[in-house]
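Take a look at the structure set out below.
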Number of protein chains: 2
Amino acid sequence: MKLTPQRLEIFQELLSHKDHPSAELIFKNLRKRLPTISLDTVYRTLATFDELGIIKRLNVSNARTLFDTNLDQHHHFICTRCKKVEDVYWPDFDKSNLPKSISTLGSIQTRHLELHGICNQCLNKENNM
Amino acid sequence: MKLTPQRLEIFQELLSHKDHPSAELIFKNLRKRLPTISLDTVYRTLATFDELGIIKRLNVSNARTLFDTNLDQHHHFICTRCKKVEDVYWPDFDKSNLPKSISTLGSIQTRHLELHGICNQCLNKENNM
DNA sequence: TTATGTGCAAAGACTTTGCTCCTCA
DNA sequence: TGAGGAGCAAAGTCTTTGCACATAA
């Protein structure tokens, strides 16, 4: 794979996000320092990175595709109000065995838990009104 | 809410699916007996049903939106090869308590587990080649 | 009757692709 | 130099919306 300035910048931009940026956001941020970059290059590069396993596509609810730079085994809590996505860890669950009724369905490789609810910040806003 | 023939037929069509149909599939099937129905009516009606809680939107991987008629608490196993979505039940997990690090993030209302792997049918195909 | 729903067409949001020129290795 | 990448524009896919007519209650 060629090391182009675009790829380097996209990679750097990804590293600076601890959250879950969209292609659009990466593009917008990058444009400030790389004015000629195009959105399709960002899409193409993110797809490449995803194939290489450097990042992971994330599909939550009906929103646009997000990208996750956290490769540790983890899950997500999605606030139904502000749509924020937070990483959550639950190692005991990850280690637990699947019940037979599930494990016999095939070869199960990954498990990903999606928790939905209202985050503390949104709860606080509500209480202050 | 008005009880229109379209809505009735869409509802019936939904009931006949134990799997997870897309709006497009519902539309195609319905067309046979209701040739004038339009795809946007299907979309609109499915959105209405979703709001009413009669069905649930399902967003798995990068695929189009699917609709789930199974309202029991359950999870999904998605075959990464044939993209089939199977319902799975794990009541013990549903009953288990979330760790404090998670439950303190906010008010968590639902948990949905997505299992990814290769289903038995795809595994068999592989072995027979 | 009248609030609502439907069908049509068109727009919209997001993402991908074809092509030509460019550039890293 | 040559294979692979970038930028541009355009197309694609899935879904939603505006509007005029139709229809259930």
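Lettering and numbering for the structure tokens are positional, with chains as A, B, ... in the shown order, residues counted from 1 in each chain, and ligands counted from 1 in the shown order.
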
Contacts from chain A to chain B, 7 Å maximum, only C-alpha atoms: show me the residue list as a VMD selection string. chain A and resid 59 to 62 88 102 105 to 120

Near-range 5-15 of chain C list (12 Å; only C-alpha atoms (C1' of nucleotides); drop same-chain fewer than 2 positions) as a PyMOL selection string: (chain A and resi 22-24+39-44+46-47+62-66) or (chain B and resi 1-7+35-45+48+62) or (chain C and resi 3+17) or (chain D and resi 11-24)

Residues of the last selection are to be written out with C-alpha atoms (C1' of nucleotides), as a CSV table (one decimal), in the first residue's frame.
chain,number,residue,atom,x,y,z
A,22,SER,CA,-18.2,9.9,10.3
A,23,ALA,CA,-16.6,10.1,6.9
A,24,GLU,CA,-18.1,13.5,6.6
A,39,LEU,CA,-14.9,13.3,0.2
A,40,ASP,CA,-14.6,10.2,-2.0
A,41,THR,CA,-10.9,9.8,-1.1
A,42,VAL,CA,-12.0,9.8,2.6
A,43,TYR,CA,-14.6,7.2,1.9
A,44,ARG,CA,-12.2,5.1,-0.1
A,46,LEU,CA,-11.8,4.5,5.3
A,47,ALA,CA,-12.9,1.5,3.4
A,62,ASN,CA,-30.6,4.7,11.3
A,63,ALA,CA,-27.6,7.0,11.3
A,64,ARG,CA,-24.8,7.3,8.8
A,65,THR,CA,-21.9,5.0,9.0
A,66,LEU,CA,-19.5,5.7,11.8
B,1,MET,CA,-55.5,5.7,12.3
B,2,LYS,CA,-57.4,4.8,9.2
B,3,LEU,CA,-57.7,1.2,8.2
B,4,THR,CA,-56.9,1.2,4.6
B,5,PRO,CA,-56.6,-1.8,2.3
B,6,GLN,CA,-52.9,-1.1,1.9
B,7,ARG,CA,-52.2,-1.1,5.6
B,35,PRO,CA,-50.7,-4.0,-8.2
B,36,THR,CA,-51.2,-0.3,-7.6
B,37,ILE,CA,-49.4,-0.1,-4.3
B,38,SER,CA,-46.3,2.0,-4.3
B,39,LEU,CA,-43.0,1.6,-2.5
B,40,ASP,CA,-43.3,4.9,-0.7
B,41,THR,CA,-46.6,3.8,0.8
B,42,VAL,CA,-44.8,0.7,2.1
B,43,TYR,CA,-42.1,2.8,3.6
B,44,ARG,CA,-44.6,5.2,5.1
B,45,THR,CA,-46.6,2.4,6.6
B,48,THR,CA,-46.0,4.2,11.1
B,62,ASN,CA,-24.3,-2.1,6.0
C,3,DA,C1',-58.6,14.6,8.4
C,17,DT,C1',-17.7,4.3,-9.2
D,11,DA,C1',-24.2,7.7,-10.9
D,12,DG,C1',-26.2,4.5,-7.5
D,13,DT,C1',-28.9,2.9,-3.7
D,14,DC,C1',-32.1,3.3,-0.4
D,15,DT,C1',-35.4,6.3,1.7
D,16,DT,C1',-38.2,10.4,2.3
D,17,DT,C1',-41.2,14.2,0.9
D,18,DG,C1',-44.4,17.6,-1.7
D,19,DC,C1',-48.5,17.7,-3.8
D,20,DA,C1',-53.0,16.6,-5.8
D,21,DC,C1',-56.4,13.3,-5.7
D,22,DA,C1',-58.8,9.7,-3.2
D,23,DT,C1',-61.0,7.6,0.8
D,24,DA,C1',-62.1,5.9,5.6

Atomic separation - CA of Arg81 in chain B relative to CA of His20 in chain B, Å: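 So the answer is 16.6 Å.
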
Can you tell me how far CA of Thr69 in chain A sits from CA of Asp94 in chain A, in Å to one decimal?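 Taking CA of Thr69 in chain A and CA of Asp94 in chain A, their separation equals 19.3 Å.
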